[in-house]
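*Asks:* Next comes the structure file my_file_21.cif, holding mmCIF, C-alpha atoms.
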data_structure
loop_
_atom_site.group_PDB
_atom_site.id
_atom_site.type_symbol
_atom_site.label_atom_id
_atom_site.label_comp_id
_atom_site.auth_asym_id
_atom_site.auth_seq_id
_atom_site.Cartn_x
_atom_site.Cartn_y
_atom_site.Cartn_z
ATOM 1 C CA MET A 1 145.429 20.607 86.824
ATOM 2 C CA ALA A 2 144.763 23.008 83.940
ATOM 3 C CA HIS A 3 145.979 26.566 84.440
ATOM 4 C CA ILE A 4 145.218 29.864 82.723
ATOM 5 C CA LEU A 5 147.981 32.129 81.453
ATOM 6 C CA GLN A 6 146.860 35.662 80.620
ATOM 7 C CA VAL A 7 149.300 37.942 78.813
ATOM 8 C CA ASP A 8 148.921 41.428 77.365
ATOM 9 C CA PHE A 9 151.317 44.098 76.186
ATOM 10 C CA THR A 10 151.574 47.353 74.294
ATOM 11 C CA MET A 11 152.453 47.057 70.603
ATOM 12 C CA GLU A 12 152.238 49.255 67.539
ATOM 13 C CA GLY A 13 150.593 46.568 65.393
ATOM 14 C CA PRO A 14 149.804 45.036 63.008
ATOM 15 C CA PHE A 15 146.271 44.084 64.069
ATOM 16 C CA GLY A 16 143.426 42.154 62.453
ATOM 17 C CA GLU A 17 144.097 40.205 59.276
ATOM 18 C CA GLU A 18 147.545 41.760 58.885
ATOM 19 C CA MET A 19 148.420 40.460 62.367
ATOM 20 C CA ALA A 20 146.994 37.063 61.447
ATOM 21 C CA ALA A 21 149.245 36.857 58.401
ATOM 22 C CA ALA A 22 152.321 38.049 60.316
ATOM 23 C CA PHE A 23 151.898 35.539 63.166
ATOM 24 C CA HIS A 24 150.466 32.501 61.368
ATOM 25 C CA ASP A 25 153.682 30.474 61.582
ATOM 26 C CA LEU A 26 154.135 31.434 65.234
ATOM 27 C CA ALA A 27 150.563 30.282 65.922
ATOM 28 C CA VAL A 28 151.240 26.908 64.309
ATOM 29 C CA SER A 29 154.387 26.507 66.429
ATOM 30 C CA ILE A 30 152.539 27.338 69.668
ATOM 31 C CA ARG A 31 150.362 24.258 69.164
ATOM 32 C CA GLU A 32 153.471 22.147 69.735
ATOM 33 C CA GLU A 33 154.451 23.670 73.094
ATOM 34 C CA ASP A 34 154.576 21.296 76.071
ATOM 35 C CA GLY A 35 151.263 21.074 77.893
ATOM 36 C CA PHE A 36 149.522 23.522 75.542
ATOM 37 C CA GLN A 37 145.743 23.179 75.198
ATOM 38 C CA TRP A 38 144.531 26.342 73.463
ATOM 39 C CA LYS A 39 145.080 30.082 72.985
ATOM 40 C CA ILE A 40 142.661 32.909 72.260
ATOM 41 C CA TRP A 41 144.506 35.799 70.561
ATOM 42 C CA THR A 42 143.449 39.207 71.881
ATOM 43 C CA GLU A 43 143.888 42.658 70.343
ATOM 44 C CA ASN A 44 142.847 46.280 70.784
ATOM 45 C CA PRO A 45 143.995 48.571 67.962
ATOM 46 C CA ASP A 46 142.570 51.638 69.785
ATOM 47 C CA THR A 47 144.805 51.230 72.836
ATOM 48 C CA LYS A 48 147.577 49.522 70.825
ATOM 49 C CA GLU A 49 147.495 46.415 73.007
ATOM 50 C CA ALA A 50 147.470 42.722 72.229
ATOM 51 C CA GLY A 51 147.976 39.458 74.046
ATOM 52 C CA GLY A 52 146.535 36.056 74.666
ATOM 53 C CA ILE A 53 144.525 33.833 76.970
ATOM 54 C CA TYR A 54 146.048 30.344 77.160
ATOM 55 C CA VAL A 55 145.172 27.076 78.864
ATOM 56 C CA PHE A 56 148.030 24.714 79.773
ATOM 57 C CA ASP A 57 147.830 21.268 81.391
ATOM 58 C CA THR A 58 149.827 22.362 84.452
ATOM 59 C CA LYS A 59 151.090 25.449 86.275
ATOM 60 C CA ASP A 60 154.652 24.402 85.447
ATOM 61 C CA ALA A 61 153.930 24.257 81.698
ATOM 62 C CA ALA A 62 152.273 27.695 81.817
ATOM 63 C CA GLU A 63 155.229 29.230 83.664
ATOM 64 C CA LYS A 64 157.817 27.667 81.345
ATOM 65 C CA TYR A 65 155.959 28.955 78.279
ATOM 66 C CA LEU A 66 155.636 32.421 79.823
ATOM 67 C CA ASP A 67 159.359 32.586 80.479
ATOM 68 C CA MET A 68 160.181 31.629 76.880
ATOM 69 C CA HIS A 69 157.450 33.875 75.412
ATOM 70 C CA THR A 70 158.581 36.903 77.429
ATOM 71 C CA LYS A 71 162.081 36.534 75.973
ATOM 72 C CA ARG A 72 160.643 36.111 72.457
ATOM 73 C CA LEU A 73 158.508 39.246 72.839
ATOM 74 C CA ALA A 74 161.621 41.157 73.925
ATOM 75 C CA GLN A 75 163.245 40.131 70.637
ATOM 76 C CA PHE A 76 160.286 41.810 68.886
ATOM 77 C CA GLY A 77 160.983 44.935 70.985
ATOM 78 C CA ILE A 78 158.029 44.256 73.296
ATOM 79 C CA THR A 79 159.092 44.661 76.925
ATOM 80 C CA ASP A 80 155.924 46.060 78.514
ATOM 81 C CA VAL A 81 154.449 42.607 79.257
ATOM 82 C CA ARG A 82 151.750 42.044 81.884
ATOM 83 C CA SER A 83 151.126 38.401 82.757
ATOM 84 C CA LYS A 84 149.446 36.223 85.343
ATOM 85 C CA VAL A 85 149.137 32.470 85.841
ATOM 86 C CA PHE A 86 146.006 31.251 87.617
ATOM 87 C CA ALA A 87 144.528 27.973 88.755
ATOM 88 C CA ILE A 88 141.033 27.305 87.438
ATOM 89 C CA ASN A 89 138.127 26.854 89.826
ATOM 90 C CA GLU A 90 136.638 23.906 87.975
ATOM 91 C CA THR A 91 133.401 23.687 89.949
ATOM 92 C CA LEU A 92 132.386 27.284 89.218
ATOM 93 C CA THR A 93 133.758 27.125 85.665
ATOM 94 C CA LYS A 94 131.453 24.192 84.888
ATOM 95 C CA VAL A 95 128.442 26.233 86.039
ATOM 96 C CA THR A 96 129.343 29.035 83.625
ATOM 97 C CA ASP A 97 130.148 26.768 80.636
ATOM 98 C CA GLY A 98 133.886 27.502 80.659
ATOM 99 C CA PRO A 99 135.596 25.443 77.929
ATOM 100 C CA VAL A 100 138.051 23.549 80.145
ATOM 101 C CA GLU A 101 138.375 19.769 80.280
ATOM 102 C CA MET B 1 131.941 40.007 67.245
ATOM 103 C CA ALA B 2 132.881 38.040 70.348
ATOM 104 C CA HIS B 3 135.055 39.869 72.880
ATOM 105 C CA ILE B 4 137.176 38.753 75.806
ATOM 106 C CA LEU B 5 136.837 40.347 79.242
ATOM 107 C CA GLN B 6 139.690 39.581 81.627
ATOM 108 C CA VAL B 7 139.309 40.586 85.265
ATOM 109 C CA ASP B 8 141.482 39.963 88.312
ATOM 110 C CA PHE B 9 141.675 41.412 91.798
ATOM 111 C CA THR B 10 143.143 40.934 95.235
ATOM 112 C CA MET B 11 140.938 39.109 97.732
ATOM 113 C CA GLU B 12 141.419 37.319 101.029
ATOM 114 C CA GLY B 13 139.452 34.243 99.941
ATOM 115 C CA PRO B 14 137.761 31.851 100.140
ATOM 116 C CA PHE B 15 139.388 29.774 97.388
ATOM 117 C CA GLY B 16 138.852 26.292 95.986
ATOM 118 C CA GLU B 17 135.750 24.366 96.999
ATOM 119 C CA GLU B 18 134.873 26.919 99.681
ATOM 120 C CA MET B 19 134.885 29.633 96.975
ATOM 121 C CA ALA B 20 132.778 27.388 94.741
ATOM 122 C CA ALA B 21 130.159 27.007 97.471
ATOM 123 C CA ALA B 22 130.167 30.725 98.298
ATOM 124 C CA PHE B 23 129.724 31.852 94.680
ATOM 125 C CA HIS B 24 127.529 29.086 93.241
ATOM 126 C CA ASP B 25 124.388 31.239 93.091
ATOM 127 C CA LEU B 26 126.351 34.141 91.590
ATOM 128 C CA ALA B 27 127.712 31.768 88.925
ATOM 129 C CA VAL B 28 124.205 30.612 88.021
ATOM 130 C CA SER B 29 123.078 34.250 87.706
ATOM 131 C CA ILE B 30 126.010 35.160 85.440
ATOM 132 C CA ARG B 31 124.720 32.682 82.857
ATOM 133 C CA GLU B 32 121.718 34.975 82.382
ATOM 134 C CA GLU B 33 123.697 38.160 81.650
ATOM 135 C CA ASP B 34 123.119 39.798 78.255
ATOM 136 C CA GLY B 35 125.479 38.520 75.609
ATOM 137 C CA PHE B 36 127.239 36.114 77.980
ATOM 138 C CA GLN B 37 128.882 33.048 76.414
ATOM 139 C CA TRP B 38 131.171 31.569 79.101
ATOM 140 C CA LYS B 39 133.414 32.312 82.076
ATOM 141 C CA ILE B 40 136.500 30.544 83.397
ATOM 142 C CA TRP B 41 136.934 31.283 87.129
ATOM 143 C CA THR B 42 140.559 31.968 88.081
ATOM 144 C CA GLU B 43 142.239 31.883 91.499
ATOM 145 C CA ASN B 44 145.628 32.031 93.164
ATOM 146 C CA PRO B 45 145.538 31.415 96.931
ATOM 147 C CA ASP B 46 149.298 32.102 97.194
ATOM 148 C CA THR B 47 149.047 35.674 95.913
ATOM 149 C CA LYS B 48 145.477 36.097 97.206
ATOM 150 C CA GLU B 49 144.137 36.922 93.767
ATOM 151 C CA ALA B 50 141.112 35.761 91.825
ATOM 152 C CA GLY B 51 139.177 36.757 88.732
ATOM 153 C CA GLY B 52 137.721 35.504 85.512
ATOM 154 C CA ILE B 53 138.102 35.160 81.781
ATOM 155 C CA TYR B 54 134.798 35.799 79.999
ATOM 156 C CA VAL B 55 133.573 35.713 76.418
ATOM 157 C CA PHE B 56 130.665 38.000 75.468
ATOM 158 C CA ASP B 57 128.916 38.308 72.106
ATOM 159 C CA THR B 58 129.903 41.976 71.704
ATOM 160 C CA LYS B 59 132.234 44.636 73.092
ATOM 161 C CA ASP B 60 129.202 46.526 74.385
ATOM 162 C CA ALA B 61 127.947 43.511 76.368
ATOM 163 C CA ALA B 62 131.422 42.971 77.860
ATOM 164 C CA GLU B 63 131.713 46.628 78.920
ATOM 165 C CA LYS B 64 128.209 46.739 80.431
ATOM 166 C CA TYR B 65 128.902 43.585 82.444
ATOM 167 C CA LEU B 66 132.264 44.951 83.609
ATOM 168 C CA ASP B 67 130.632 48.159 84.828
ATOM 169 C CA MET B 68 128.014 46.223 86.815
ATOM 170 C CA HIS B 69 130.526 43.649 88.088
ATOM 171 C CA THR B 70 132.982 46.316 89.275
ATOM 172 C CA LYS B 71 130.210 47.879 91.397
ATOM 173 C CA ARG B 72 129.246 44.444 92.746
ATOM 174 C CA LEU B 73 132.861 43.664 93.679
ATOM 175 C CA ALA B 74 133.032 46.998 95.524
ATOM 176 C CA GLN B 75 130.044 45.862 97.605
ATOM 177 C CA PHE B 76 132.152 42.827 98.586
ATOM 178 C CA GLY B 77 134.931 45.251 99.606
ATOM 179 C CA ILE B 78 136.996 44.482 96.482
ATOM 180 C CA THR B 79 138.193 47.711 94.883
ATOM 181 C CA ASP B 80 141.599 46.672 93.490
ATOM 182 C CA VAL B 81 140.149 45.474 90.157
ATOM 183 C CA ARG B 82 142.277 45.106 87.013
ATOM 184 C CA SER B 83 140.278 44.600 83.814
ATOM 185 C CA LYS B 84 140.660 44.676 80.040
ATOM 186 C CA VAL B 85 138.275 44.127 77.152
ATOM 187 C CA PHE B 86 139.801 42.778 73.942
ATOM 188 C CA ALA B 87 138.641 41.877 70.466
ATOM 189 C CA ILE B 88 139.497 38.322 69.424
ATOM 190 C CA ASN B 89 141.710 37.684 66.413
ATOM 191 C CA GLU B 90 139.585 34.868 65.056
ATOM 192 C CA THR B 91 141.983 33.737 62.330
ATOM 193 C CA LEU B 92 144.878 33.126 64.736
ATOM 194 C CA THR B 93 142.557 31.788 67.449
ATOM 195 C CA LYS B 94 141.323 29.078 65.071
ATOM 196 C CA VAL B 95 144.919 27.976 64.450
ATOM 197 C CA THR B 96 145.507 27.530 68.195
ATOM 198 C CA ASP B 97 142.169 25.779 68.914
ATOM 199 C CA GLY B 98 140.709 28.686 70.921
ATOM 200 C CA PRO B 99 137.154 27.795 71.993
ATOM 201 C CA VAL B 100 135.339 30.719 70.376
ATOM 202 C CA GLU B 101 132.435 30.381 67.945
#
Represent the structure of the file as structure tokens.
*Replies:*
Amino acid sequence: MAHILQVDFTMEGPFGEEMAAAFHDLAVSIREEDGFQWKIWTENPDTKEAGGIYVFDTKDAAEKYLDMHTKRLAQFGITDVRSKVFAINETLTKVTDGPVE
Amino acid sequence: MAHILQVDFTMEGPFGEEMAAAFHDLAVSIREEDGFQWKIWTENPDTKEAGGIYVFDTKDAAEKYLDMHTKRLAQFGITDVRSKVFAINETLTKVTDGPVE
């Protein structure tokens, strides 16, 4: 069953198009992760926060990615990571047009 | 520009199909909120948490909904609400198939 992974953290930047250029290759690589469906990249230059909303095929795939991603963020000096993995209530999500298969 | 609202909170339940039945009318009403695009309903019976990932047309629409929704949750006795509003990095989100127009 598809699961949501939500991640956010404090970072100094870059944001916007500069962020897009810096992380393009990373974004391409994320498409190849096991069980990956999609990611929305989130950012807030005012509060110096960024993160992502992901859908994975299973809870296990979401948790494995989170473990790897947390270590990768630490390599970038980002250690203030907030994350949660959730099941999706499919019945309610259909009512509100949520883009989940 | 489309914005993400992520919300989660502690609650005793119900979860799953019982939650879907309890909140069906609320879900239908959310479709009519100003600037609303979609919501994915999230839940974790193990940690007794639930919430949602929303997309709104604008930051303003997301913040107005959050203000109203926080008051509504308080009426349900839910006061432990964690929420963030984020801009979407559209360039990176396209690379990772994020379902945002």
*Asks:* Considering only C-alpha atoms, state which residue in the set A:Asp60, A:Glu17, A:Glu90, A:Asp80 is at the smallest distance from B:Thr42.
*Replies:* A:Glu90
*Asks:* What does the structure give for the distance between atom CA of A:Asp34 and atom CA of A:Gln75, in Å to one decimal?
*Replies:*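 Value for the atom CA of A:Asp34-atom CA of A:Gln75 distance: 21.4 Å.
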*Asks:* Give one line per residue of chain A that approaches chain B to at most 6 Å, naming the two atoms of the closest pair and their distance in Å to one decimal, counting only C-alpha atoms; sort by chain then ascending residue number and deliver it as a tab-separated table.
*Replies:*
residue	atom	partner	partner_atom	distance
A:Ala20	CA	B:Leu92	CA	5.5
A:Arg31	CA	B:Thr96	CA	5.9
A:Trp38	CA	B:Gly98	CA	5.2
A:Lys39	CA	B:Gly98	CA	5.0
A:Ile40	CA	B:Gly98	CA	4.8
A:Trp41	CA	B:Asn89	CA	5.3
A:Thr42	CA	B:Ile88	CA	4.7
A:Glu43	CA	B:Ala87	CA	5.3
A:Asn44	CA	B:Phe86	CA	5.6
A:Phe86	CA	B:Glu43	CA	5.4
A:Ala87	CA	B:Glu43	CA	5.3
A:Ile88	CA	B:Thr42	CA	4.7
A:Asn89	CA	B:Trp41	CA	5.3
A:Leu92	CA	B:Ala20	CA	5.5
A:Thr93	CA	B:Ile40	CA	4.9
A:Thr96	CA	B:Lys39	CA	5.5
A:Asp97	CA	B:Trp38	CA	5.1
A:Gly98	CA	B:Ile40	CA	4.9
*Asks:* Please produce an output containing C-alpha atoms for each residue in the selection, written as a PDB file, keeping the file's coordinate frame.
*Replies:*
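Okay, this is what ended up in part_34.pdb:
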ATOM      1  CA  ALA A  20     146.994  37.063  61.447  1.00  0.00           C
ATOM      2  CA  ARG A  31     150.362  24.258  69.164  1.00  0.00           C
ATOM      3  CA  TRP A  38     144.531  26.342  73.463  1.00  0.00           C
ATOM      4  CA  LYS A  39     145.080  30.082  72.985  1.00  0.00           C
ATOM      5  CA  ILE A  40     142.661  32.909  72.260  1.00  0.00           C
ATOM      6  CA  TRP A  41     144.506  35.799  70.561  1.00  0.00           C
ATOM      7  CA  THR A  42     143.449  39.207  71.881  1.00  0.00           C
ATOM      8  CA  GLU A  43     143.888  42.658  70.343  1.00  0.00           C
ATOM      9  CA  ASN A  44     142.847  46.280  70.784  1.00  0.00           C
ATOM     10  CA  PHE A  86     146.006  31.251  87.617  1.00  0.00           C
ATOM     11  CA  ALA A  87     144.528  27.973  88.755  1.00  0.00           C
ATOM     12  CA  ILE A  88     141.033  27.305  87.438  1.00  0.00           C
ATOM     13  CA  ASN A  89     138.127  26.854  89.826  1.00  0.00           C
ATOM     14  CA  LEU A  92     132.386  27.284  89.218  1.00  0.00           C
ATOM     15  CA  THR A  93     133.758  27.125  85.665  1.00  0.00           C
ATOM     16  CA  THR A  96     129.343  29.035  83.625  1.00  0.00           C
ATOM     17  CA  ASP A  97     130.148  26.768  80.636  1.00  0.00           C
ATOM     18  CA  GLY A  98     133.886  27.502  80.659  1.00  0.00           C
TER      19      GLY A  98
END
*Asks:* Quick one: pull the distance between atom CA of B:Glu18 and atom CA of B:Lys71, Å, one decimal.
*Replies:*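 Pair atom CA of B:Glu18 / atom CA of B:Lys71 returns 23.0 Å.
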*Asks:* Quick one, how far is atom CA of B:Thr10 from atom CA of B:Lys48?
*Replies:*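 Taking atom CA of B:Thr10 as the start and atom CA of B:Lys48 as the end point, the length is 5.7 Å.
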*Asks:* Nearest to A:Arg82: which of A:Phe56, A:Glu33, A:His69, A:Ala2 is it, counting all atoms listed in the file?
*Replies:*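 Among the listed residues, the smallest separation from A:Arg82 belongs to A:His69.
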*Asks:* Could you give me the axis-aligned bounding box of stretch 64-73 of chain B, with 3 Å of padding per side, as centre plus edge lengths in Å to one decimal, as AutoDock Vina command-line options?
*Replies:*
--center_x 130.5 --center_y 45.9 --center_z 87.1 --size_x 11.0 --size_y 10.6 --size_z 19.2
